[in-house]
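So this one's target.tsv, TSV, N, CA and C atoms:
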chain	number	residue	atom	x	y	z
A	1108	MET	N	10.36	-6.68	3.25
A	1108	MET	CA	11.56	-6.79	2.46
A	1108	MET	C	12.70	-7.23	3.37
A	1109	SER	N	13.61	-7.98	2.85
A	1109	SER	CA	14.73	-8.51	3.62
A	1109	SER	C	15.65	-7.39	4.12
A	1110	VAL	N	16.13	-7.55	5.34
A	1110	VAL	CA	17.06	-6.56	5.88
A	1110	VAL	C	18.41	-6.62	5.18
A	1111	GLU	N	18.66	-7.69	4.44
A	1111	GLU	CA	19.93	-7.83	3.74
A	1111	GLU	C	19.95	-7.08	2.41
A	1112	ILE	N	18.81	-6.61	1.95
A	1112	ILE	CA	18.75	-5.84	0.71
A	1112	ILE	C	19.00	-4.38	1.06
A	1113	PRO	N	20.06	-3.80	0.52
A	1113	PRO	CA	20.33	-2.39	0.81
A	1113	PRO	C	19.18	-1.49	0.35
A	1114	GLN	N	18.79	-0.57	1.23
A	1114	GLN	CA	17.69	0.35	0.94
A	1114	GLN	C	18.18	1.78	0.74
A	1115	SER	N	19.48	2.02	1.01
A	1115	SER	CA	20.05	3.36	0.91
A	1115	SER	C	21.53	3.25	0.58
A	1116	MET	N	22.14	4.39	0.27
A	1116	MET	CA	23.58	4.39	0.00
A	1116	MET	C	24.36	4.02	1.25
A	1117	ASP	N	23.87	4.38	2.43
A	1117	ASP	CA	24.55	3.97	3.67
A	1117	ASP	C	24.59	2.44	3.77
A	1118	ASP	N	23.47	1.80	3.44
A	1118	ASP	CA	23.41	0.34	3.46
A	1118	ASP	C	24.37	-0.26	2.43
A	1119	VAL	N	24.46	0.37	1.27
A	1119	VAL	CA	25.36	-0.11	0.21
A	1119	VAL	C	26.80	-0.05	0.69
A	1120	VAL	N	27.20	1.09	1.23
A	1120	VAL	CA	28.58	1.26	1.71
A	1120	VAL	C	28.89	0.23	2.80
A	1121	MET	N	27.94	0.00	3.69
A	1121	MET	CA	28.14	-0.98	4.75
A	1121	MET	C	28.29	-2.39	4.18
A	1122	GLN	N	27.44	-2.73	3.21
A	1122	GLN	CA	27.51	-4.07	2.64
A	1122	GLN	C	28.82	-4.28	1.88
A	1123	VAL	N	29.27	-3.26	1.14
A	1123	VAL	CA	30.55	-3.37	0.43
A	1123	VAL	C	31.67	-3.62	1.43
A	1124	ALA	N	31.69	-2.86	2.52
A	1124	ALA	CA	32.73	-3.01	3.54
A	1124	ALA	C	32.69	-4.40	4.17
A	1125	GLN	N	31.49	-4.88	4.49
A	1125	GLN	CA	31.36	-6.20	5.09
A	1125	GLN	C	31.82	-7.29	4.14
A	1126	ARG	N	31.44	-7.19	2.88
A	1126	ARG	CA	31.82	-8.22	1.91
A	1126	ARG	C	33.30	-8.19	1.63
A	1127	LYS	N	33.91	-7.00	1.61
A	1127	LYS	CA	35.36	-6.90	1.42
A	1127	LYS	C	36.10	-7.47	2.62
A	1128	LEU	N	35.53	-7.29	3.80
A	1128	LEU	CA	36.10	-7.85	5.01
A	1128	LEU	C	36.16	-9.37	4.94
A	1129	HIS	N	35.20	-9.96	4.22
A	1129	HIS	CA	35.15	-11.41	4.05
A	1129	HIS	C	35.82	-11.88	2.76
A	1130	GLY	N	36.62	-11.00	2.15
A	1130	GLY	CA	37.42	-11.40	1.00
A	1130	GLY	C	36.76	-11.23	-0.36
A	1131	GLU	N	35.56	-10.71	-0.40
A	1131	GLU	CA	34.88	-10.49	-1.68
A	1131	GLU	C	35.30	-9.16	-2.27
A	1132	ASP	N	35.57	-9.14	-3.56
A	1132	ASP	CA	35.90	-7.90	-4.24
A	1132	ASP	C	34.65	-7.43	-4.97
A	1133	VAL	N	33.95	-6.48	-4.38
A	1133	VAL	CA	32.67	-6.03	-4.91
A	1133	VAL	C	32.65	-4.50	-4.94
A	1134	THR	N	31.96	-3.95	-5.93
A	1134	THR	CA	31.86	-2.50	-6.05
A	1134	THR	C	30.48	-2.03	-5.57
A	1135	GLU	N	30.38	-0.74	-5.31
A	1135	GLU	CA	29.08	-0.17	-4.94
A	1135	GLU	C	28.07	-0.39	-6.05
A	1136	ASP	N	28.48	-0.19	-7.31
A	1136	ASP	CA	27.55	-0.37	-8.43
A	1136	ASP	C	27.01	-1.79	-8.50
A	1137	GLU	N	27.86	-2.79	-8.23
A	1137	GLU	CA	27.39	-4.18	-8.24
A	1137	GLU	C	26.37	-4.42	-7.14
A	1138	VAL	N	26.65	-3.88	-5.96
A	1138	VAL	CA	25.71	-4.04	-4.83
A	1138	VAL	C	24.40	-3.33	-5.15
A	1139	ILE	N	24.47	-2.15	-5.75
A	1139	ILE	CA	23.25	-1.41	-6.10
A	1139	ILE	C	22.44	-2.18	-7.13
A	1140	LYS	N	23.10	-2.68	-8.18
A	1140	LYS	CA	22.36	-3.44	-9.22
A	1140	LYS	C	21.65	-4.64	-8.62
A	1141	ASN	N	22.34	-5.37	-7.75
A	1141	ASN	CA	21.72	-6.52	-7.09
A	1141	ASN	C	20.57	-6.07	-6.20
A	1142	ALA	N	20.75	-4.96	-5.51
A	1142	ALA	CA	19.70	-4.45	-4.62
A	1142	ALA	C	18.45	-4.06	-5.40
A	1143	VAL	N	18.63	-3.38	-6.53
A	1143	VAL	CA	17.48	-2.95	-7.33
A	1143	VAL	C	16.69	-4.17	-7.81
A	1144	ARG	N	17.41	-5.16	-8.33
A	1144	ARG	CA	16.73	-6.39	-8.78
A	1144	ARG	C	16.03	-7.08	-7.62
A	1145	ASP	N	16.72	-7.18	-6.48
A	1145	ASP	CA	16.16	-7.86	-5.32
A	1145	ASP	C	14.95	-7.12	-4.74
A	1146	ILE	N	14.99	-5.79	-4.76
A	1146	ILE	CA	13.84	-5.01	-4.29
A	1146	ILE	C	12.62	-5.29	-5.15
A	1147	LEU	N	12.81	-5.27	-6.47
A	1147	LEU	CA	11.69	-5.54	-7.38
A	1147	LEU	C	11.20	-6.97	-7.20
A	1148	GLN	N	12.12	-7.93	-7.07
A	1148	GLN	CA	11.73	-9.32	-6.86
A	1148	GLN	C	10.92	-9.46	-5.58
A	1149	ALA	N	11.33	-8.77	-4.52
A	1149	ALA	CA	10.62	-8.84	-3.25
A	1149	ALA	C	9.20	-8.28	-3.38
A	1150	PHE	N	9.04	-7.21	-4.15
A	1150	PHE	CA	7.70	-6.65	-4.36
A	1150	PHE	C	6.81	-7.65	-5.09
A	1151	PHE	N	7.34	-8.32	-6.12
A	1151	PHE	CA	6.54	-9.31	-6.84
A	1151	PHE	C	6.21	-10.49	-5.94
A	1152	ASP	N	7.19	-10.98	-5.18
A	1152	ASP	CA	6.95	-12.12	-4.29
A	1152	ASP	C	5.88	-11.79	-3.25
A	1153	GLU	N	5.93	-10.58	-2.73
A	1153	GLU	CA	4.95	-10.15	-1.72
A	1153	GLU	C	3.56	-10.02	-2.34
A	1154	ALA	N	3.48	-9.39	-3.50
A	1154	ALA	CA	2.19	-9.16	-4.15
A	1154	ALA	C	1.53	-10.47	-4.59
A	1155	LEU	N	2.34	-11.42	-5.00
A	1155	LEU	CA	1.81	-12.69	-5.49
A	1155	LEU	C	1.77	-13.77	-4.40
A	1156	GLU	N	2.18	-13.39	-3.18
A	1156	GLU	CA	2.21	-14.30	-2.04
A	1156	GLU	C	3.02	-15.55	-2.34
A	1157	GLY	N	4.16	-15.35	-2.97
A	1157	GLY	CA	5.08	-16.43	-3.29
A	1157	GLY	C	5.92	-16.06	-4.49
A	1158	HIS	N	6.92	-16.89	-4.77
A	1158	HIS	CA	7.83	-16.61	-5.88
A	1158	HIS	C	7.30	-17.28	-7.16
A	1159	TYR	N	6.55	-16.50	-7.93
A	1159	TYR	CA	5.99	-17.01	-9.19
A	1159	TYR	C	6.60	-16.32	-10.40
A	1160	ASP	N	7.01	-15.09	-10.25
A	1160	ASP	CA	7.62	-14.33	-11.34
A	1160	ASP	C	9.11	-14.15	-11.06
A	1161	ASP	N	9.89	-14.09	-12.12
A	1161	ASP	CA	11.34	-13.88	-11.99
A	1161	ASP	C	11.72	-12.53	-12.55
A	1162	VAL	N	12.58	-11.83	-11.83
A	1162	VAL	CA	13.11	-10.54	-12.25
A	1162	VAL	C	14.57	-10.74	-12.63
A	1163	LYS	N	14.91	-10.35	-13.85
A	1163	LYS	CA	16.30	-10.48	-14.32
A	1163	LYS	C	16.69	-9.24	-15.10
A	1164	TRP	N	17.98	-9.02	-15.16
A	1164	TRP	CA	18.49	-7.91	-15.96
A	1164	TRP	C	18.42	-8.24	-17.43
A	1165	ASP	N	18.04	-7.27	-18.22
A	1165	ASP	CA	18.03	-7.37	-19.69
A	1165	ASP	C	18.66	-6.08	-20.18
A	1166	GLY	N	19.99	-6.06	-20.20
A	1166	GLY	CA	20.70	-4.83	-20.51
A	1166	GLY	C	20.54	-3.86	-19.36
A	1167	ASP	N	20.01	-2.68	-19.64
A	1167	ASP	CA	19.78	-1.66	-18.61
A	1167	ASP	C	18.37	-1.71	-18.04
A	1168	LYS	N	17.57	-2.65	-18.51
A	1168	LYS	CA	16.18	-2.77	-18.05
A	1168	LYS	C	16.03	-4.00	-17.17
A	1169	LEU	N	14.95	-4.03	-16.42
A	1169	LEU	CA	14.59	-5.21	-15.65
A	1169	LEU	C	13.46	-5.92	-16.37
A	1170	ARG	N	13.62	-7.19	-16.58
A	1170	ARG	CA	12.65	-8.02	-17.31
A	1170	ARG	C	11.96	-8.95	-16.32
A	1171	VAL	N	10.64	-8.97	-16.36
A	1171	VAL	CA	9.86	-9.81	-15.46
A	1171	VAL	C	9.15	-10.88	-16.28
A	1172	THR	N	9.37	-12.13	-15.90
A	1172	THR	CA	8.70	-13.25	-16.58
A	1172	THR	C	7.92	-14.05	-15.56
A	1173	ASP	N	6.84	-14.68	-16.03
A	1173	ASP	CA	6.03	-15.50	-15.12
A	1173	ASP	C	6.62	-16.90	-15.00
A	1174	PHE	N	5.97	-17.76	-14.25
A	1174	PHE	CA	6.50	-19.10	-13.99
A	1174	PHE	C	6.56	-19.97	-15.25
A	1175	MET	N	5.87	-19.55	-16.30
A	1175	MET	CA	5.93	-20.28	-17.57
A	1175	MET	C	7.00	-19.70	-18.50
A	1176	GLY	N	7.68	-18.65	-18.04
A	1176	GLY	CA	8.70	-18.02	-18.86
A	1176	GLY	C	8.17	-16.95	-19.80
A	1177	GLU	N	6.88	-16.63	-19.70
A	1177	GLU	CA	6.28	-15.61	-20.54
A	1177	GLU	C	6.59	-14.22	-19.99
A	1178	LEU	N	6.83	-13.28	-20.87
A	1178	LEU	CA	7.14	-11.92	-20.47
A	1178	LEU	C	5.93	-11.26	-19.82
A	1179	VAL	N	6.11	-10.76	-18.62
A	1179	VAL	CA	5.09	-10.01	-17.91
A	1179	VAL	C	5.26	-8.52	-18.24
A	1180	GLY	N	6.51	-8.08	-18.29
A	1180	GLY	CA	6.80	-6.69	-18.61
A	1180	GLY	C	8.25	-6.35	-18.37
A	1181	THR	N	8.62	-5.16	-18.79
A	1181	THR	CA	9.96	-4.65	-18.54
A	1181	THR	C	9.85	-3.30	-17.84
A	1182	ILE	N	10.85	-3.01	-17.05
A	1182	ILE	CA	10.89	-1.74	-16.33
A	1182	ILE	C	12.21	-1.07	-16.66
A	1183	SER	N	12.12	0.19	-17.05
A	1183	SER	CA	13.30	0.97	-17.42
A	1183	SER	C	13.62	1.97	-16.32
A	1184	PRO	N	14.88	2.38	-16.24
A	1184	PRO	CA	15.23	3.41	-15.26
A	1184	PRO	C	14.61	4.75	-15.63
A	1185	ALA	N	14.43	5.61	-14.65
A	1185	ALA	CA	13.90	6.96	-14.90
A	1185	ALA	C	14.99	7.84	-15.49
A	1186	GLY	N	16.22	7.64	-15.02
A	1186	GLY	CA	17.36	8.42	-15.50
A	1186	GLY	C	18.21	7.60	-16.45
A	1187	GLU	N	19.51	7.83	-16.38
A	1187	GLU	CA	20.42	7.12	-17.29
A	1187	GLU	C	20.58	5.65	-16.94
A	1188	SER	N	20.39	5.29	-15.66
A	1188	SER	CA	20.50	3.90	-15.23
A	1188	SER	C	19.83	3.74	-13.87
A	1189	PHE	N	19.57	2.48	-13.51
A	1189	PHE	CA	19.02	2.22	-12.18
A	1189	PHE	C	20.03	2.56	-11.10
A	1190	VAL	N	21.31	2.37	-11.38
A	1190	VAL	CA	22.35	2.72	-10.41
A	1190	VAL	C	22.30	4.22	-10.14
A	1191	ALA	N	22.20	5.01	-11.19
A	1191	ALA	CA	22.12	6.47	-11.04
A	1191	ALA	C	20.84	6.86	-10.29
A	1192	ASP	N	19.73	6.20	-10.61
A	1192	ASP	CA	18.47	6.48	-9.92
A	1192	ASP	C	18.60	6.19	-8.42
A	1193	PHE	N	19.22	5.07	-8.09
A	1193	PHE	CA	19.40	4.67	-6.69
A	1193	PHE	C	20.28	5.68	-5.97
A	1194	ARG	N	21.39	6.06	-6.62
A	1194	ARG	CA	22.31	7.02	-6.00
A	1194	ARG	C	21.63	8.38	-5.80
A	1195	LYS	N	20.79	8.77	-6.73
A	1195	LYS	CA	20.11	10.07	-6.65
A	1195	LYS	C	19.08	10.09	-5.53
A	1196	ASN	N	18.23	9.04	-5.48
A	1196	ASN	CA	17.19	8.98	-4.45
A	1196	ASN	C	16.64	7.56	-4.39
A	1197	ALA	N	17.20	6.77	-3.49
A	1197	ALA	CA	16.81	5.36	-3.37
A	1197	ALA	C	15.34	5.21	-2.98
A	1198	ASP	N	14.84	6.11	-2.14
A	1198	ASP	CA	13.43	6.02	-1.72
A	1198	ASP	C	12.49	6.22	-2.91
A	1199	ASP	N	12.78	7.21	-3.75
A	1199	ASP	CA	11.94	7.45	-4.93
A	1199	ASP	C	11.98	6.25	-5.87
A	1200	LEU	N	13.16	5.68	-6.06
A	1200	LEU	CA	13.27	4.51	-6.93
A	1200	LEU	C	12.46	3.35	-6.36
A	1201	THR	N	12.55	3.13	-5.07
A	1201	THR	CA	11.80	2.04	-4.45
A	1201	THR	C	10.30	2.23	-4.62
A	1202	MET	N	9.82	3.45	-4.43
A	1202	MET	CA	8.39	3.73	-4.64
A	1202	MET	C	7.99	3.50	-6.09
A	1203	ARG	N	8.85	3.89	-7.02
A	1203	ARG	CA	8.56	3.69	-8.44
A	1203	ARG	C	8.50	2.20	-8.79
A	1204	LEU	N	9.42	1.42	-8.22
A	1204	LEU	CA	9.40	-0.03	-8.46
A	1204	LEU	C	8.14	-0.66	-7.89
A	1205	GLU	N	7.71	-0.18	-6.73
A	1205	GLU	CA	6.48	-0.70	-6.13
A	1205	GLU	C	5.27	-0.36	-7.00
A	1206	GLU	N	5.23	0.85	-7.53
A	1206	GLU	CA	4.14	1.26	-8.42
A	1206	GLU	C	4.15	0.44	-9.71
A	1207	GLN	N	5.32	0.21	-10.27
A	1207	GLN	CA	5.42	-0.59	-11.50
A	1207	GLN	C	4.98	-2.03	-11.25
A	1208	THR	N	5.30	-2.55	-10.08
A	1208	THR	CA	4.86	-3.90	-9.72
A	1208	THR	C	3.34	-3.96	-9.72
A	1209	ALA	N	2.71	-3.00	-9.07
A	1209	ALA	CA	1.24	-2.96	-9.00
A	1209	ALA	C	0.63	-2.88	-10.40
A	1210	LYS	N	1.22	-2.06	-11.28
A	1210	LYS	CA	0.70	-1.94	-12.64
A	1210	LYS	C	0.81	-3.25	-13.40
A	1211	LEU	N	1.97	-3.91	-13.29
A	1211	LEU	CA	2.17	-5.16	-14.03
A	1211	LEU	C	1.29	-6.28	-13.49
A	1212	ILE	N	1.11	-6.34	-12.21
A	1212	ILE	CA	0.27	-7.39	-11.62
A	1212	ILE	C	-1.20	-7.08	-11.88
A	1213	GLY	N	-1.57	-5.81	-11.82
A	1213	GLY	CA	-2.95	-5.43	-12.06
A	1213	GLY	C	-3.37	-5.60	-13.50
A	1214	GLY	N	-2.42	-5.65	-14.39
A	1214	GLY	CA	-2.72	-5.80	-15.81
A	1214	GLY	C	-2.97	-7.23	-16.24
A	1215	ARG	N	-2.97	-8.16	-15.31
A	1215	ARG	CA	-3.17	-9.57	-15.66
A	1215	ARG	C	-4.62	-9.96	-15.60

What does the file become when written as structure tokens?
Amino acid sequence: MSVEIPQSMDDVVMQVAQRKLHGEDVTEDEVIKNAVRDILQAFFDEALEGHYDDVKWDGDKLRVTDFMGELVGTISPAGESFVADFRKNADDLTMRLEEQTAKLIGGR
């Protein structure tokens, strides 16, 4: 996984500070949402040995489509939101996203 993808709240705080230093107005929640999507995308890219599926937000869920645009599956947060899940325990969320990736890829 890329070192630029925040893996913890410490990483999020650091990225917010760095981006604000460069003139970007960004919130922790925005950085977390991007990180959650990017973490899931990285798991799919790794499992498929390339970028074949796309991960995008669909409201509060993450929607995964294949290279033809067909729905592979959706992933919902365990709690009220992915941001809340990340804030509560980023490691648990990451493991859950990895497990969901394996389930969706294994179901093909």

- Message: Could you tell me how far atom CA of Leu1211 of chain A sits from atom CA of Glu1177 of chain A, in Å to one decimal place?
- Response: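 Between atom CA of Glu1177 of chain A and atom CA of Leu1211 of chain A the gap works out to 13.0 Å.
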
Skipping near chain neighbours, those fewer than 6 positions away, what residues fall within 7 Å of segment 1119-1126 of chain A using only N, CA and C atoms, listed as a PDB file with N, CA and C atoms, in the coordinates of the input?
ATOM      1  N   PRO A1113      20.060  -3.800   0.520  1.00  0.00           N
ATOM      2  CA  PRO A1113      20.330  -2.390   0.810  1.00  0.00           C
ATOM      3  C   PRO A1113      19.180  -1.490   0.350  1.00  0.00           C
ATOM      4  N   ASP A1132      35.570  -9.140  -3.560  1.00  0.00           N
ATOM      5  CA  ASP A1132      35.900  -7.900  -4.240  1.00  0.00           C
ATOM      6  C   ASP A1132      34.650  -7.430  -4.970  1.00  0.00           C
ATOM      7  N   VAL A1133      33.950  -6.480  -4.380  1.00  0.00           N
ATOM      8  CA  VAL A1133      32.670  -6.030  -4.910  1.00  0.00           C
ATOM      9  C   VAL A1133      32.650  -4.500  -4.940  1.00  0.00           C
ATOM     10  N   THR A1134      31.960  -3.950  -5.930  1.00  0.00           N
ATOM     11  CA  THR A1134      31.860  -2.500  -6.050  1.00  0.00           C
ATOM     12  C   THR A1134      30.480  -2.030  -5.570  1.00  0.00           C
ATOM     13  N   GLU A1135      30.380  -0.740  -5.310  1.00  0.00           N
ATOM     14  CA  GLU A1135      29.080  -0.170  -4.940  1.00  0.00           C
ATOM     15  C   GLU A1135      28.070  -0.390  -6.050  1.00  0.00           C
ATOM     16  N   VAL A1138      26.650  -3.880  -5.960  1.00  0.00           N
ATOM     17  CA  VAL A1138      25.710  -4.040  -4.830  1.00  0.00           C
ATOM     18  C   VAL A1138      24.400  -3.330  -5.150  1.00  0.00           C
ATOM     19  N   ILE A1139      24.470  -2.150  -5.750  1.00  0.00           N
ATOM     20  CA  ILE A1139      23.250  -1.410  -6.100  1.00  0.00           C
ATOM     21  C   ILE A1139      22.440  -2.180  -7.130  1.00  0.00           C
TER      22      ILE A1139
END

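Of the residues in chain A, those that DSSP places in strand (DSSP E) on the basis of the backbone are Asp1161, Val1162, Lys1163, Trp1164, Asp1165, Lys1168, Leu1169, Arg1170, Val1171, Thr1172, Leu1178, Val1179, Gly1180, Thr1181 and Ile1182 of chain A.
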
For N, CA and C atoms, I'd like the residues from the last selection saved as a PDB file, keeping the file's coordinate frame.
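The result, written out as out.pdb:
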ATOM      1  N   ASP A1161       9.890 -14.090 -12.120  1.00  0.00           N
ATOM      2  CA  ASP A1161      11.340 -13.880 -11.990  1.00  0.00           C
ATOM      3  C   ASP A1161      11.720 -12.530 -12.550  1.00  0.00           C
ATOM      4  N   VAL A1162      12.580 -11.830 -11.830  1.00  0.00           N
ATOM      5  CA  VAL A1162      13.110 -10.540 -12.250  1.00  0.00           C
ATOM      6  C   VAL A1162      14.570 -10.740 -12.630  1.00  0.00           C
ATOM      7  N   LYS A1163      14.910 -10.350 -13.850  1.00  0.00           N
ATOM      8  CA  LYS A1163      16.300 -10.480 -14.320  1.00  0.00           C
ATOM      9  C   LYS A1163      16.690  -9.240 -15.100  1.00  0.00           C
ATOM     10  N   TRP A1164      17.980  -9.020 -15.160  1.00  0.00           N
ATOM     11  CA  TRP A1164      18.490  -7.910 -15.960  1.00  0.00           C
ATOM     12  C   TRP A1164      18.420  -8.240 -17.430  1.00  0.00           C
ATOM     13  N   ASP A1165      18.040  -7.270 -18.220  1.00  0.00           N
ATOM     14  CA  ASP A1165      18.030  -7.370 -19.690  1.00  0.00           C
ATOM     15  C   ASP A1165      18.660  -6.080 -20.180  1.00  0.00           C
ATOM     16  N   LYS A1168      17.570  -2.650 -18.510  1.00  0.00           N
ATOM     17  CA  LYS A1168      16.180  -2.770 -18.050  1.00  0.00           C
ATOM     18  C   LYS A1168      16.030  -4.000 -17.170  1.00  0.00           C
ATOM     19  N   LEU A1169      14.950  -4.030 -16.420  1.00  0.00           N
ATOM     20  CA  LEU A1169      14.590  -5.210 -15.650  1.00  0.00           C
ATOM     21  C   LEU A1169      13.460  -5.920 -16.370  1.00  0.00           C
ATOM     22  N   ARG A1170      13.620  -7.190 -16.580  1.00  0.00           N
ATOM     23  CA  ARG A1170      12.650  -8.020 -17.310  1.00  0.00           C
ATOM     24  C   ARG A1170      11.960  -8.950 -16.320  1.00  0.00           C
ATOM     25  N   VAL A1171      10.640  -8.970 -16.360  1.00  0.00           N
ATOM     26  CA  VAL A1171       9.860  -9.810 -15.460  1.00  0.00           C
ATOM     27  C   VAL A1171       9.150 -10.880 -16.280  1.00  0.00           C
ATOM     28  N   THR A1172       9.370 -12.130 -15.900  1.00  0.00           N
ATOM     29  CA  THR A1172       8.700 -13.250 -16.580  1.00  0.00           C
ATOM     30  C   THR A1172       7.920 -14.050 -15.560  1.00  0.00           C
ATOM     31  N   LEU A1178       6.830 -13.280 -20.870  1.00  0.00           N
ATOM     32  CA  LEU A1178       7.140 -11.920 -20.470  1.00  0.00           C
ATOM     33  C   LEU A1178       5.930 -11.260 -19.820  1.00  0.00           C
ATOM     34  N   VAL A1179       6.110 -10.760 -18.620  1.00  0.00           N
ATOM     35  CA  VAL A1179       5.090 -10.010 -17.910  1.00  0.00           C
ATOM     36  C   VAL A1179       5.260  -8.520 -18.240  1.00  0.00           C
ATOM     37  N   GLY A1180       6.510  -8.080 -18.290  1.00  0.00           N
ATOM     38  CA  GLY A1180       6.800  -6.690 -18.610  1.00  0.00           C
ATOM     39  C   GLY A1180       8.250  -6.350 -18.370  1.00  0.00           C
ATOM     40  N   THR A1181       8.620  -5.160 -18.790  1.00  0.00           N
ATOM     41  CA  THR A1181       9.960  -4.650 -18.540  1.00  0.00           C
ATOM     42  C   THR A1181       9.850  -3.300 -17.840  1.00  0.00           C
ATOM     43  N   ILE A1182      10.850  -3.010 -17.050  1.00  0.00           N
ATOM     44  CA  ILE A1182      10.890  -1.740 -16.330  1.00  0.00           C
ATOM     45  C   ILE A1182      12.210  -1.070 -16.660  1.00  0.00           C
TER      46      ILE A1182
END

- Could you check how far atom CA of Leu1178 of chain A sits from atom CA of Ile1146 of chain A, in Å to one decimal? 18.8 Å

- Message: Env of Asp1160 of chain A: 8 Å cut, atoms = only N, CA and C atoms, seq-sep filter 6 positions within chain, self excluded. Answer as an MDAnalysis selection string.
- Response: chainID A and resid 1148 1151:1152 1170:1176

- Query: If we count only C-alpha atoms, what is near Gly1166 of chain A at a cut-off of 12 Å, once residues fewer than 6 positions away on the same chain are taken out, given as a PyMOL selection string?
  - Reply: chain A and resi 1140+1181-1184+1188-1189

Preceding selection exported with N, CA and C atoms as a PDB file, keeping the file's coordinate frame:
ATOM      1  N   LYS A1140      23.100  -2.680  -8.180  1.00  0.00           N
ATOM      2  CA  LYS A1140      22.360  -3.440  -9.220  1.00  0.00           C
ATOM      3  C   LYS A1140      21.650  -4.640  -8.620  1.00  0.00           C
ATOM      4  N   THR A1181       8.620  -5.160 -18.790  1.00  0.00           N
ATOM      5  CA  THR A1181       9.960  -4.650 -18.540  1.00  0.00           C
ATOM      6  C   THR A1181       9.850  -3.300 -17.840  1.00  0.00           C
ATOM      7  N   ILE A1182      10.850  -3.010 -17.050  1.00  0.00           N
ATOM      8  CA  ILE A1182      10.890  -1.740 -16.330  1.00  0.00           C
ATOM      9  C   ILE A1182      12.210  -1.070 -16.660  1.00  0.00           C
ATOM     10  N   SER A1183      12.120   0.190 -17.050  1.00  0.00           N
ATOM     11  CA  SER A1183      13.300   0.970 -17.420  1.00  0.00           C
ATOM     12  C   SER A1183      13.620   1.970 -16.320  1.00  0.00           C
ATOM     13  N   PRO A1184      14.880   2.380 -16.240  1.00  0.00           N
ATOM     14  CA  PRO A1184      15.230   3.410 -15.260  1.00  0.00           C
ATOM     15  C   PRO A1184      14.610   4.750 -15.630  1.00  0.00           C
ATOM     16  N   SER A1188      20.390   5.290 -15.660  1.00  0.00           N
ATOM     17  CA  SER A1188      20.500   3.900 -15.230  1.00  0.00           C
ATOM     18  C   SER A1188      19.830   3.740 -13.870  1.00  0.00           C
ATOM     19  N   PHE A1189      19.570   2.480 -13.510  1.00  0.00           N
ATOM     20  CA  PHE A1189      19.020   2.220 -12.180  1.00  0.00           C
ATOM     21  C   PHE A1189      20.030   2.560 -11.100  1.00  0.00           C
TER      22      PHE A1189
END

- Item | Within 9 Å of segment 1195-1198 of chain A using only C-alpha atoms, minus same-chain residues under 6 positions, as a PyMOL selection string | chain A and resi 1114-1116

- Task: Give the answer as one residue: which of A:Leu1128, A:Leu1147, A:Ala1185, A:Val1179 has the shortest atom-to-atom distance to Glu1205 of chain A, using only N, CA and C atoms?
- Result: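 Going through A:Leu1128, A:Leu1147, A:Ala1185, A:Val1179 one by one, the smallest distance to Glu1205 of chain A is for A:Leu1147.
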
- Which distance in Å separates atom C of Val1190 of chain A and atom CA of Asp1136 of chain A, to one decimal? 7.2 Å

Return the padded bounding box of segment 1150-1156 of chain A as JSON: axis-aligned, built from all atoms listed in the file, 4 Å added on each side, with centre and edge lengths in Å to one decimal.
{"center_x": 5.3, "center_y": -11.1, "center_z": -4.3, "size_x": 15.5, "size_y": 16.9, "size_z": 13.1}

- Item | Among the residues A:Leu1155, A:Ile1112, A:Ala1142, A:Ala1149, the one that comes closest to Gly1213 of chain A [using only C-alpha atoms] |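 Of A:Leu1155, A:Ile1112, A:Ala1142, A:Ala1149, the one nearest Gly1213 of chain A is A:Leu1155, counting only C-alpha atoms.
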
- Query: Among chain A, which residues carry a DSSP assignment of helix (DSSP H, G or I), reported as a ChimeraX atom specification?
  - Reply: /A:1116-1128,1135-1154,1189-1213
